[in-house]
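**Student:** Below are the C-alpha cells for one structure; questions will follow.
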There are 2 protein chains.
Amino acid sequence: MDKVLRINVGADGGPKAKTEGLGEYAGLGGRAMTSLVVCKEVPPLCHPLGPENKLVIAPGIMSGSAAPTSGRVSIGCKSPLTGTIKEANSGGSGAQALSRLGYAAVILEGARKNSDLYRIVINSKEVRIEKCNDWRGLTNYDLNYRIRDEFGTKVSVFSIGTAGEMLMCNSTIAVTDPECRPSRHAGRGGVGAVMGSKGIKCIIIEYEDTKMREPKDATKFKDANKRFAEGLLKHGVTGQGLPAYGTNVLVNILNEAGGLPTKNFSTGRFADADKISGETMAATITKRGGNPTHGCHRGCIIKCSGIYVDKDGKYISKQPEYETVWAHGANCGISDLDAIAEMDYWDDNYGLDTIEMGATIAVAMDAGVIQFGDAKGALNLIHETGKGTHLGRILGAGTAVTAKCFGLERAPVVKGQAMPAYDPRAVKGQGVTYATTTMGADHTAGYAVTANILGVGGTVDPLKPAGQVELSRNLQIATAALDSTGWCLFIAFAILDQPETFQAMVDSLNAMTGLSLTADDVNELGKKILRAEKDFNEKAGFGPQQDRLPMYFSREALAPHGVKFDVSDADLDAVYKF
Amino acid sequence: MDKVLRINVGADGGPKAKTEGLGEYAGLGGRAMTSLVVCKEVPPLCHPLGPENKLVIAPGIMSGSAAPTSGRVSIGCKSPLTGTIKEANSGGSGAQALSRLGYAAVILEGARKNSDLYRIVINSKEVRIEKCNDWRGLTNYDLNYRIRDEFGTKVSVFSIGTAGEMLMCNSTIAVTDPECRPSRHAGRGGVGAVMGSKGIKCIIIEYEDTKMREPKDATKFKDANKRFAEGLLKHGVTGQGLPAYGTNVLVNILNEAGGLPTKNFSTGRFADADKISGETMAATITKRGGNPTHGCHRGCIIKCSGIYVDKDGKYISKQPEYETVWAHGANCGISDLDAIAEMDYWDDNYGLDTIEMGATIAVAMDAGVIQFGDAKGALNLIHETGKGTHLGRILGAGTAVTAKCFGLERAPVVKGQAMPAYDPRAVKGQGVTYATTTMGADHTAGYAVTANILGVGGTVDPLKPAGQVELSRNLQIATAALDSTGWCLFIAFAILDQPETFQAMVDSLNAMTGLSLTADDVNELGKKILRAEKDFNEKAGFGPQQDRLPMYFSREALAPHGVKFDVSDADLDAVYKF
C-alpha cells in the first residue's frame with residue numbers, strides 16, 4: 001500500500017492512468033484517505049457531477065492483511081445526494097484485492113471528454129483502460145456474468161448499475177463478494193453517479209497472483225489477532241447474534257423498543273414485525289437450504305451476511321440486511337420476506353441504495369403513488385427507477401426530491417439523505433447522529449443504538465435527550481477512526497464492551513504498521529477526520545442550521561411512547577465541540 | 001388600510017377569519033409588510049408546505065390611491081422553491097381592491113385539517129369562507145369564468161391553478177387584470193403551493209362599492225402626482241419603449257449586448273432574435289387587431305402590458321413579457337411567437353411561473369427529454385406539468401430539481417431558483433444580484449441591466465466586475481423600498497435618471513401618508529427590509545456559500561464575448577455590507 005492510482009478521465013484519447021507515491025497521504029487508509037483527499041483536492045462548492053469532483057476508493061490500513069474482519073473499503077467524493085462530503089463504505093473483496101496490489105487509493109478525476117464508457121483493469125503487471133460501450137445499460141449481475149466469462153472468478157469488481165450510469169442521486173458502487181456476486185455496496189450518497197459522471201462502468205481487479213500483506217511485526221501481529229478474534233467470538237452480538245441472524249436480528253429488538261420506523265415514520269411499531277424478523281429469516285433460509293452465516297469477504301469471522309434462497313433453494317439475493325428489511329418492509333408496510341429479498345436483489349442489480357430506495361418508496365406511498373403494503377407495486381417502483389422512466393427519475397433522485405416533487409412535507413431526511421431504520425424520536429442518540437454527522441442522515445456514523453437500545457458500551461435512555469450528545473460525539477469520533485482501518489464497524493460491539501479486545505485491536509494495528517499508537521492516538525485520528533469533513537461541509541454551505549431534523553419530528557409524537565424529538569439545538573451544536 | 005385579515009385554516013369546522021388592527025405592522029405595505037410578518041411569525045427552519053409557514057398578501061402603501069402606476073401587490077412566505085424568504089409581486093387589480101377595502105394584509109396561517117378546498121370572499125360587509133370542492137382541478141381561466149358567472153366583473157381574484165393545488169415548487173398565484181383575466185402573476189418561488197397547502201383555491205374581492213383611498217394632503221398629492229406622471233411620460237423607457245413594445249423591447253437589446261441566454265445559457269445570442277423581438281411582436285399584434293398598449297391595472301400610465309391575438313384576432317394570451325419570450329423562446333431555441341404566446345397562456349392557466357418553466361424546459365432539452373427548438377414538445381411539457389404526470393411532477397418542481405432528476409450539471413439556478421433573461425457572465429451586475437439577493441436568482445431584486453445595458457442611472461461596463469457590487473447593492477436597497485410602495489418597479493427608469501421625478505415620487509408618498517420622508521429615509525426602509533430578509537435566510541441556513549453562482553458560469557466562457565463570471569467571492573460577500 002505505497003501508491004496511488006490516478007485516472008484522468010479527461011486525457012486526450014481517453015482516460016489515462018498514472019501511478020504515484022503517497023506523498024502527504026502516506027499512512028492513511030479508508031475514510032481518512034478518502035476524506036482528506038477530497039478535502040484537499042475537491043472545491044467544496046463544485047457540482048458533484050462536474051469535472052471538479054473526484055471519486056476516491058481506498059482500502060483500510062489493515063485491509064489485505066491477516067487481521068480478522070478487515071475487508072472494508074471506503075469510497076469518497078462530494079455527494080450528489082447531499083452536497084456534503086461523503087464516505088460510503090462497503091464489504092466485499094475489493095479492499096483486499098486493491099491493497100494486496102499495493103494501492104492505498106484509486107482516484108478518478110477530471111472532465112469526461114465524450115460519452116464513451118470505460119472499464120479499468122488492474123493487476124500486478126498493468127493498469128489497462130478500455131472502452132466498454134457494449135456494456136452500457138447492463139445491471140450489476142449481468143455485468144459481472146460477462147466479467148466472469150472473460151476474466152474468471154479470481155477478480156474483484158467495483159461497478160455501477162443502470163442507476164449510476166443515469167447519474168442518479170441514489171446510486172451505489174457495487175463491490176463483489178468472494179463468489180463474484182455484486183451484492184456488497186458503497187450505498188449511500190450517490191457515489192455511483194460520481195463514477196458514472198467520470199464515464200467508468202467498472203474497475204476489475206485481478207488478484208490471483210497477489211499475497212496477503214505482511215505486518216511489520218509478525219509475532220506480535222499473530223498474537224494480537226488471536227486475542228482480537230477471541231474477543232469477537234466471545235461477545236454476544238459478534239459471536240452469536242450477527243452470525244446466527246445477520247443484522248436483521250434488530251427487527252424484533254427495535255420493534256420492541258418502539259423505534260422501528262413504520263409506514264414512512266408514522267409509528268414506531270410494525271404489527272407484522274415477526275414475519276420479517278431475523279429469527280424468521282434465518283429459519284426460512286435454513287429450511288430452504290440457503291446459508292444464513294456467510295462472510296462478505298474472506299477472513300471475516302463475524303460472518304453476518306448470508307444467502308437468501310426461494311422455496312426451491314434457488315438464489316434470490318444475498319440475505320437482506322436489517323436496514324433493507326426495514327426499508328422495504330416495515331417502512332413500506334410490507335411483511336413478505338420473499339418480496340423484500342427480491343427488492344434487495346433488484347436494488348443491488350440496478351445499483352440503488354436499499355435504505356434510500358425504501359425510504360423513497362415509503363414517501364411515494366405516503367403521497368399516494370401506490371398504497372402502503374403493496375409489495376408488487378413497490379418492486380415495480382424499483383424497476384421504474386432502474387429503467388429510468390420519468391417516475392423512476394423522480395425516485396432515483398432520492399427521498400427528499402421525491403417528497404419535493406409530490407409536495408409532501410413528511411420526508412425523513414437530513415441534508416437530503418434518508419434516515420435509516422431507527423426513529424430519531426425513540427432512539428434519540430441516533431437522532432443526534434442523523435442531525436450532526438457530516439454525512440447526512442447515517443446510522444453508521446455514530447451508532448448510538450449501542451447504548452440506547454443494546455446496552456453495549458453503557459446505557460443511555462433512548463427516549464430522553466440526556467446523555468445523547470456525548471454518546472453520539474464519542475461514537476462519531478471512534479467511527480471515523482475505525483472507518484479508516486478497514487475493520488468492519490461491527491467489531492465495535494466487542495471493543496466497546498471488552499477492554500482487552502480494544503487493546504488487541506490497537507496491538508494488531510501497531511504490529512501491522514510498526515507504529516506505537518495509543519487509544520488516544522486513535523481518538524485523535526477520528527477527530528482529525530471529522531474536523532476536516534466538517535470544514536469541507538462548512539465551505540460547501542452547511543452550517544448549524546443544516547444540523548437539524550425536519551421540523552415534523554419535533555411536532556408529531558411517535559407511538560407507542562408518544563415521544564417527540566426534543567434534543568435542543570444548542571445540544572446539537574455541541575456535538576462537534578471537541 | 002388599517003386592518004389585517006387573518007385566516008386560520010386550521011380552525012375547528014373549517015377556516016375562520018379574524019380582522020385585527022395593524023399593531024406593530026402599522027405603516028407597512030407591500031414587501032415591507034410581507035417580509036416583516038414572515039420574519040416575525042414564521043420559523044425560518046419550517047417546511048414551506050407545513051403548518052408553520054404563512055402566506056402574506058399585502059398591497060403597497062400607495063395602492064388604491066390616485067398615484068399613477070401604484071397597483072402592485074406583494075405576496076410573501078417561506079418559499080417552497082428556494083427555502084428562503086420570498087416576496088413575489090404582481091400587477092393586476094388585486095392591490096387596489098384589497099387596499100380600498102382597508103386591508104393592509106391578508107394572512108393565511110395554520111394547519112389545514114382536511115383536504116377540502118375553500119374560497120374566501122371579501123367585500124365591504126363581510127368575509128365569507130366557503131367550501132369549493134367542485135372547483136378542484138380548475139385552471140385559472142376556467143375558474144375565473146365561473147367566478148365571473150357568479151360574481152360579475154367588479155371583482156378582483158387571487159387564485160391558484162392546478163400547479164398550486166398540486167403543491168408544485170413552481171406555482172404562482174394569479175391576480176386578475178381589469179378585465180378579470182388571470183393574466184398577472186406573483187410568479188416566483190412557488191407561492192401558489194403555499195396557498196394550496198392552506199387549502200385555499202381563491203380569494204374573491206368584491207370591490208364595486210369601494211372608493212379610492214384619500215391622501216392626507218390632497219393638494220400636495222395632486223401636484224406631486226402630476227409632476228410624477230409627467231416624469232414617467234417624458235422618459236424614453238417609460239414614456240415610449242415600454243408602452244410601444246412592452247417589456248419585450250429588451251430582446252433586441254440583450255441580444256445585441258450578447259447577454260440573451262440562449263439554449264439553456266449556452267450562448268449569449270439567439271440567431272432568430274428578431275423573430276421574437278418586441279418590435280416584431282408589437283407589429284404582429286397591431287396588424288392582427290390586438291392591443292400592444294394596455295395597463296395591467298387601472299391608473300397605470302406606463303401601460304406595458306397588451307393583448308396578444310391570433311391571425312383571426314382571437315385572444316391567445318396577454319402580450320407575453322420579455323422574460324416569458326426569452327424563457328420559452330431564445331432559451332429553448334424557439335422562434336415562433338404564436339407558440340410562445342400559447343405557452344404563456346397555459347403557464348398562466350395552470351399557474352406556472354413562465355421564467356421557471358422556460359428555464360426548466362431548456363434544462364429538459366439539454367438533458368435530451370426533447371430537442372431544442374421543438375415548440376410543440378415544449379408546449380406538451382407545460383401540459384405534462386399542469387396535469388401532474390410523472391414527468392410533470394419533475395418539471396413542476398423547478399429547474400434545479402429537473403436537472404437533479406436528469407443528472408445534469410448545467411442548471412442555471414441560485415438557491416434553487418432559475419435565473420431570468422440576462423446571462424450573468426455578460427451582464428455581470430445581474431450576476432451579482434442573482435447571487436446575493438435574498439430571493440434566489442431574481443432579476444427584479446436589483447435590476448443592474450439599467451446601468452449595465454440601458455445607460456439608465458449611470459453606466460457600468462457589463463462585461464467587467466468593476467462597479468457591479470455597488471450598483472447591485474444600491475439597486476437592491478432601492479428596490480426593497482420601492483416594492484413596499486405599490487409602485488411598479490418600472491418607475492425606476494424615470495426616477496433614476498430624473499431627480500425631479502424622484503422628488504415627485506417622494507412628495508406623493510409624503511402627501512399620501514402625512515409623513516415627511518427624505519430620500520435617505522426611503523433608503524433606510526430598503527435597508528431595514530433587506531436586513532430582516534437576510535437574517536431570516538441566515539436562520540434558515542443560507543450563508544455566504546449560498547450567495548454564489550453555479551461553478552460552471554466561472555468555467556465556461558459565453559459567446560460572443562468569451563466572458564466568464566469573475567466577480568470575486570469577497571466582492572459578492574460585500575454586497576450586504578451596508
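If you're wondering about the labels, chains in the C-alpha cells are A, B, ... by order shown, residues count from 1 in each chain, ligands from 1 in order shown.
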Pull out every residue of chain A sitting within 8 Å of chain B, counting only C-alpha atoms, and send them as a PDB file with C-alpha atoms, in the first residue's frame.

**Tutor:**
```pdb
ATOM      1  CA  LEU A  45     -18.759  24.382  -3.908  1.00  0.00           C
ATOM      2  CA  CYS A  46     -18.305  22.322  -7.071  1.00  0.00           C
ATOM      3  CA  HIS A  47     -21.148  20.389  -8.623  1.00  0.00           C
ATOM      4  CA  LEU A  49     -21.298  15.606 -11.173  1.00  0.00           C
ATOM      5  CA  GLY A  50     -18.964  18.240 -12.583  1.00  0.00           C
ATOM      6  CA  MET A 166     -28.021   7.544 -15.341  1.00  0.00           C
ATOM      7  CA  LEU A 167     -26.272   9.731 -12.737  1.00  0.00           C
ATOM      8  CA  MET A 168     -28.990   9.209 -10.170  1.00  0.00           C
ATOM      9  CA  CYS A 169     -28.505  10.721  -6.739  1.00  0.00           C
ATOM     10  CA  HIS A 390     -39.999   9.541 -15.624  1.00  0.00           C
ATOM     11  CA  LEU A 391     -41.369   8.244 -12.346  1.00  0.00           C
ATOM     12  CA  ARG A 393     -36.164   9.681 -12.440  1.00  0.00           C
ATOM     13  CA  ILE A 394     -38.056  11.161  -9.500  1.00  0.00           C
ATOM     14  CA  GLY A 396     -33.851   7.794  -8.301  1.00  0.00           C
ATOM     15  CA  ALA A 397     -33.182  11.335  -7.147  1.00  0.00           C
ATOM     16  CA  VAL A 401     -36.545  15.083  -4.096  1.00  0.00           C
ATOM     17  CA  LYS A 404     -40.484  17.731  -3.137  1.00  0.00           C
ATOM     18  CA  CYS A 405     -41.898  16.530  -6.459  1.00  0.00           C
ATOM     19  CA  PHE A 406     -45.084  15.273  -4.801  1.00  0.00           C
ATOM     20  CA  GLY A 407     -45.494  18.218  -2.424  1.00  0.00           C
ATOM     21  CA  LEU A 408     -45.100  16.164   0.747  1.00  0.00           C
ATOM     22  CA  GLU A 409     -43.715  17.604   3.969  1.00  0.00           C
ATOM     23  CA  LYS A 539     -17.190  25.628   2.913  1.00  0.00           C
ATOM     24  CA  ALA A 540     -19.879  23.838   0.923  1.00  0.00           C
ATOM     25  CA  GLY A 541     -22.535  25.840   2.772  1.00  0.00           C
ATOM     26  CA  PHE A 542     -23.566  23.550   5.619  1.00  0.00           C
ATOM     27  CA  GLY A 543     -23.787  25.352   8.924  1.00  0.00           C
ATOM     28  CA  PRO A 544     -25.580  24.625  12.197  1.00  0.00           C
ATOM     29  CA  GLN A 545     -28.979  25.184  10.568  1.00  0.00           C
ATOM     30  CA  GLN A 546     -28.422  22.120   8.426  1.00  0.00           C
ATOM     31  CA  PRO A 550     -37.101  18.102   9.809  1.00  0.00           C
ATOM     32  CA  MET A 551     -39.483  20.085  11.997  1.00  0.00           C
TER      33      MET A 551
END
```

**Student:** Got a sec: who's within 8 Å of range 509-517 of chain B, counting only C-alpha atoms, leaving out chain neighbours fewer than 6 positions off, as a ChimeraX atom specification?

**Tutor:** /B:62,214-218,220-221

**Student:** Skip Ala174 in chain A itself and residues of its chain fewer than 6 positions away, then list as number ranges by chain all residues within 6 Å of it, counting only C-alpha atoms.

**Tutor:** A: 158-159, 182, 184-185

**Student:** Between B:Ile107, B:Met357, B:Val73, B:Ile276, which is the closest to His383 in chain B once you count only C-alpha atoms?

**Tutor:**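 Looking at the shortest contact to His383 in chain B, the residue is B:Met357.
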
**Student:** Neighbouring residues of Asn255 in chain B were defined as those with any atom within 10 Å, considering only C-alpha atoms; residues of the same chain fewer than 4 positions away were excluded. Please report them as number ranges by chain.

**Tutor:** B: 250-251, 259-262, 268-274, 277, 330, 422

**Student:** Go through range 142-325 of chain A and collect every residue that DSSP, computed from the backbone, puts in helix (DSSP H, G or I); the answer should be as a PyMOL selection string.

**Tutor:** chain A and resi 142-151+162-165+191-197+218-234+236-245+247-256+273-276+278-288+322-325

**Student:** If DSSP is run on the backbone, what residues of range 245-320 of chain B are strand (DSSP E)? A reply as a list in words would be ideal.

**Tutor:**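 DSSP-assigned strand (DSSP E) residues in range 245-320 of chain B: Asn291, Pro292, Thr293, His294, Ser305, Gly306, Ile307, Tyr308, Val309, Tyr315, Ile316, Ser317 and Lys318 of chain B.
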
**Student:** Write out the residues from the selection above, keeping N, CA and C atoms, as a PDB file, in the first residue's frame.

**Tutor:**
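After the write, result.pdb holds the following:
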```pdb
ATOM      1  N   ASN B 291     -53.979  44.477 -28.940  1.00  0.00           N
ATOM      2  CA  ASN B 291     -53.691  45.735 -28.275  1.00  0.00           C
ATOM      3  C   ASN B 291     -52.318  45.668 -27.635  1.00  0.00           C
ATOM      4  N   PRO B 292     -51.343  46.396 -28.180  1.00  0.00           N
ATOM      5  CA  PRO B 292     -49.994  46.330 -27.614  1.00  0.00           C
ATOM      6  C   PRO B 292     -49.776  47.288 -26.447  1.00  0.00           C
ATOM      7  N   THR B 293     -50.763  48.090 -26.101  1.00  0.00           N
ATOM      8  CA  THR B 293     -50.572  49.088 -25.044  1.00  0.00           C
ATOM      9  C   THR B 293     -51.768  49.066 -24.098  1.00  0.00           C
ATOM     10  N   HIS B 294     -51.596  48.417 -22.978  1.00  0.00           N
ATOM     11  CA  HIS B 294     -52.708  48.114 -22.078  1.00  0.00           C
ATOM     12  C   HIS B 294     -52.173  48.161 -20.657  1.00  0.00           C
ATOM     13  N   SER B 305     -48.332  46.368 -20.650  1.00  0.00           N
ATOM     14  CA  SER B 305     -48.939  45.082 -20.995  1.00  0.00           C
ATOM     15  C   SER B 305     -49.725  45.228 -22.292  1.00  0.00           C
ATOM     16  N   GLY B 306     -50.312  44.139 -22.743  1.00  0.00           N
ATOM     17  CA  GLY B 306     -51.014  44.169 -24.018  1.00  0.00           C
ATOM     18  C   GLY B 306     -51.814  42.897 -24.184  1.00  0.00           C
ATOM     19  N   ILE B 307     -52.474  42.806 -25.314  1.00  0.00           N
ATOM     20  CA  ILE B 307     -53.314  41.636 -25.615  1.00  0.00           C
ATOM     21  C   ILE B 307     -52.801  41.008 -26.901  1.00  0.00           C
ATOM     22  N   TYR B 308     -52.424  39.750 -26.813  1.00  0.00           N
ATOM     23  CA  TYR B 308     -51.881  39.049 -27.974  1.00  0.00           C
ATOM     24  C   TYR B 308     -52.992  38.218 -28.606  1.00  0.00           C
ATOM     25  N   VAL B 309     -53.194  38.428 -29.896  1.00  0.00           N
ATOM     26  CA  VAL B 309     -54.287  37.715 -30.582  1.00  0.00           C
ATOM     27  C   VAL B 309     -53.735  36.897 -31.750  1.00  0.00           C
ATOM     28  N   TYR B 315     -58.228  36.099 -28.937  1.00  0.00           N
ATOM     29  CA  TYR B 315     -57.312  36.164 -27.789  1.00  0.00           C
ATOM     30  C   TYR B 315     -56.495  34.887 -27.639  1.00  0.00           C
ATOM     31  N   ILE B 316     -55.186  35.005 -27.638  1.00  0.00           N
ATOM     32  CA  ILE B 316     -54.347  33.855 -27.277  1.00  0.00           C
ATOM     33  C   ILE B 316     -53.904  33.984 -25.831  1.00  0.00           C
ATOM     34  N   SER B 317     -53.350  35.138 -25.500  1.00  0.00           N
ATOM     35  CA  SER B 317     -52.882  35.368 -24.129  1.00  0.00           C
ATOM     36  C   SER B 317     -52.677  36.859 -23.977  1.00  0.00           C
ATOM     37  N   LYS B 318     -52.336  37.263 -22.766  1.00  0.00           N
ATOM     38  CA  LYS B 318     -51.838  38.625 -22.633  1.00  0.00           C
ATOM     39  C   LYS B 318     -50.584  38.720 -23.492  1.00  0.00           C
TER      40      LYS B 318
END
```
